[in-house]
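S.K.: The structure follows.
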Amino acid sequence: MKTNLGLFLHLYQPPVQKKDVVQKVTVESYIPIIAGLKKNPQARVTMNITGCLVLQWDKYGYQQLITDIARLVAQGTIELTGSSAYHA
């Protein structure tokens, strides 16, 4: 029997988050999620990634993560939802 599971992930760190926290969460959570999706191209997930987190990734040297996400979006593995850059 085939089972479908809908996943919606919200990736966010406050714009004033300390660098070490952003790095820890990115290495321990965000990178493994993306790596898992890269290994399983049949998987599908909807994500909300805030602009302030993308800016922090760019600032702290996670350009490869941004590139990997863009590739997964292009191949249809990740569907992005619209969002404000910062929480209200």
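In the structure tokens, chains take the letters A, B, ... in the order shown, each chain's residues start at 1, and ligands count up from 1 in the order shown.
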Residues at most 12 Å from A:Asn4, counting only C-alpha atoms, excluding those fewer than 5 positions away in the same chain, as a PyMOL selection string?
M.R.: chain A and resi 42-45
S.K.: Write out as CSV a residue-level contact list of stretch 18-58 of chain A versus stretch 6-10 of chain A with cut-off 7 Å: for each qualifying residue the closest pair of atoms and the distance in Å to one decimal, counting only C-alpha atoms, rows sorted by chain and residue number upward.
M.R.:
```
residue,atom,partner,partner_atom,distance
A:Val45,CA,A:Leu7,CA,5.3
A:Thr46,CA,A:Phe8,CA,4.8
A:Met47,CA,A:Leu9,CA,4.7
A:Asn48,CA,A:His10,CA,4.7
A:Ile49,CA,A:His10,CA,6.1
```
S.K.: Can you list, as an MDAnalysis selection string, all residues belonging to stretch 9-71 of chain A that DSSP tags as strand (DSSP E or B)?
M.R.: chainID A and resid 9:11 45:49
S.K.: Between A:Thr3, A:Thr81, A:Gln13, A:Ser29, single out the one closest to A:Leu65, counting only C-alpha atoms.
M.R.: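 Result for the nearest residue to A:Leu65: A:Ser29.
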S.K.: Extract, using only C-alpha atoms, all DNA, RNA and protein residues at most 8 Å from A:Ile66, discarding same-chain residues fewer than 5 positions from it, and format them as a short mmCIF file (atom, residue, chain, number, x, y, z; two decimals) with all heavy atoms, in the first residue's frame.
M.R.:
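Final output, saved to selection.cif:
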```
data_model
loop_
_atom_site.label_atom_id
_atom_site.label_comp_id
_atom_site.auth_asym_id
_atom_site.auth_seq_id
_atom_site.Cartn_x
_atom_site.Cartn_y
_atom_site.Cartn_z
N VAL A 54 18.07 33.35 4.71
CA VAL A 54 18.89 33.26 3.50
C VAL A 54 20.02 34.30 3.54
O VAL A 54 21.17 34.00 3.18
CB VAL A 54 18.03 33.42 2.23
CG1 VAL A 54 18.90 33.45 0.98
CG2 VAL A 54 17.01 32.29 2.13
N TRP A 57 22.65 32.94 5.85
CA TRP A 57 23.42 31.89 5.19
C TRP A 57 24.45 32.49 4.24
O TRP A 57 25.60 32.07 4.22
CB TRP A 57 22.51 30.96 4.42
CG TRP A 57 21.74 29.99 5.25
CD1 TRP A 57 22.01 29.60 6.53
CD2 TRP A 57 20.57 29.28 4.86
NE1 TRP A 57 21.07 28.69 6.95
CE2 TRP A 57 20.19 28.48 5.95
CE3 TRP A 57 19.82 29.24 3.69
CZ2 TRP A 57 19.07 27.63 5.89
CZ3 TRP A 57 18.71 28.41 3.64
CH2 TRP A 57 18.35 27.61 4.72
N ASP A 58 24.04 33.49 3.49
CA ASP A 58 24.97 34.14 2.57
C ASP A 58 26.11 34.82 3.34
O ASP A 58 27.28 34.70 2.98
CB ASP A 58 24.22 35.16 1.72
CG ASP A 58 25.09 35.76 0.64
OD1 ASP A 58 25.68 35.00 -0.14
OD2 ASP A 58 25.19 37.00 0.60
#
```
S.K.: Of the residues A:Leu37, A:Leu80, A:Ala85, A:Val22, which is the one nearest to A:Lys59, using only C-alpha atoms?
M.R.: A:Val22
S.K.: Write out as a list in words which residues come within 9 Å of A:Ile69 when counting only C-alpha atoms, dropping same-chain ones fewer than 5 positions away.
M.R.: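 The residues satisfying every condition are Ile34, Gln64, Ala74 and Ile78 of chain A.
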S.K.: At what distance in Å, to one decimal, does atom CA of A:Gly36 lie from atom CA of A:Lys24?
M.R.: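 These atoms are spaced 17.8 Å apart.
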S.K.: Calculated over only C-alpha atoms, which of the candidates A:Leu55, A:Gln17, A:Tyr62, A:Thr50 has the smallest distance to A:Ile31?
M.R.: A:Tyr62
S.K.: Output as a ChimeraX atom specification all residues of chain A that backbone DSSP marks as helix (DSSP H, G or I).
M.R.: /A:19-39,51-59,63-74
S.K.: Separation of atom CA of A:Gln75 and atom CA of A:Ile33, in Å?
M.R.: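 Between atom CA of A:Gln75 and atom CA of A:Ile33 the gap is 16.2 Å.
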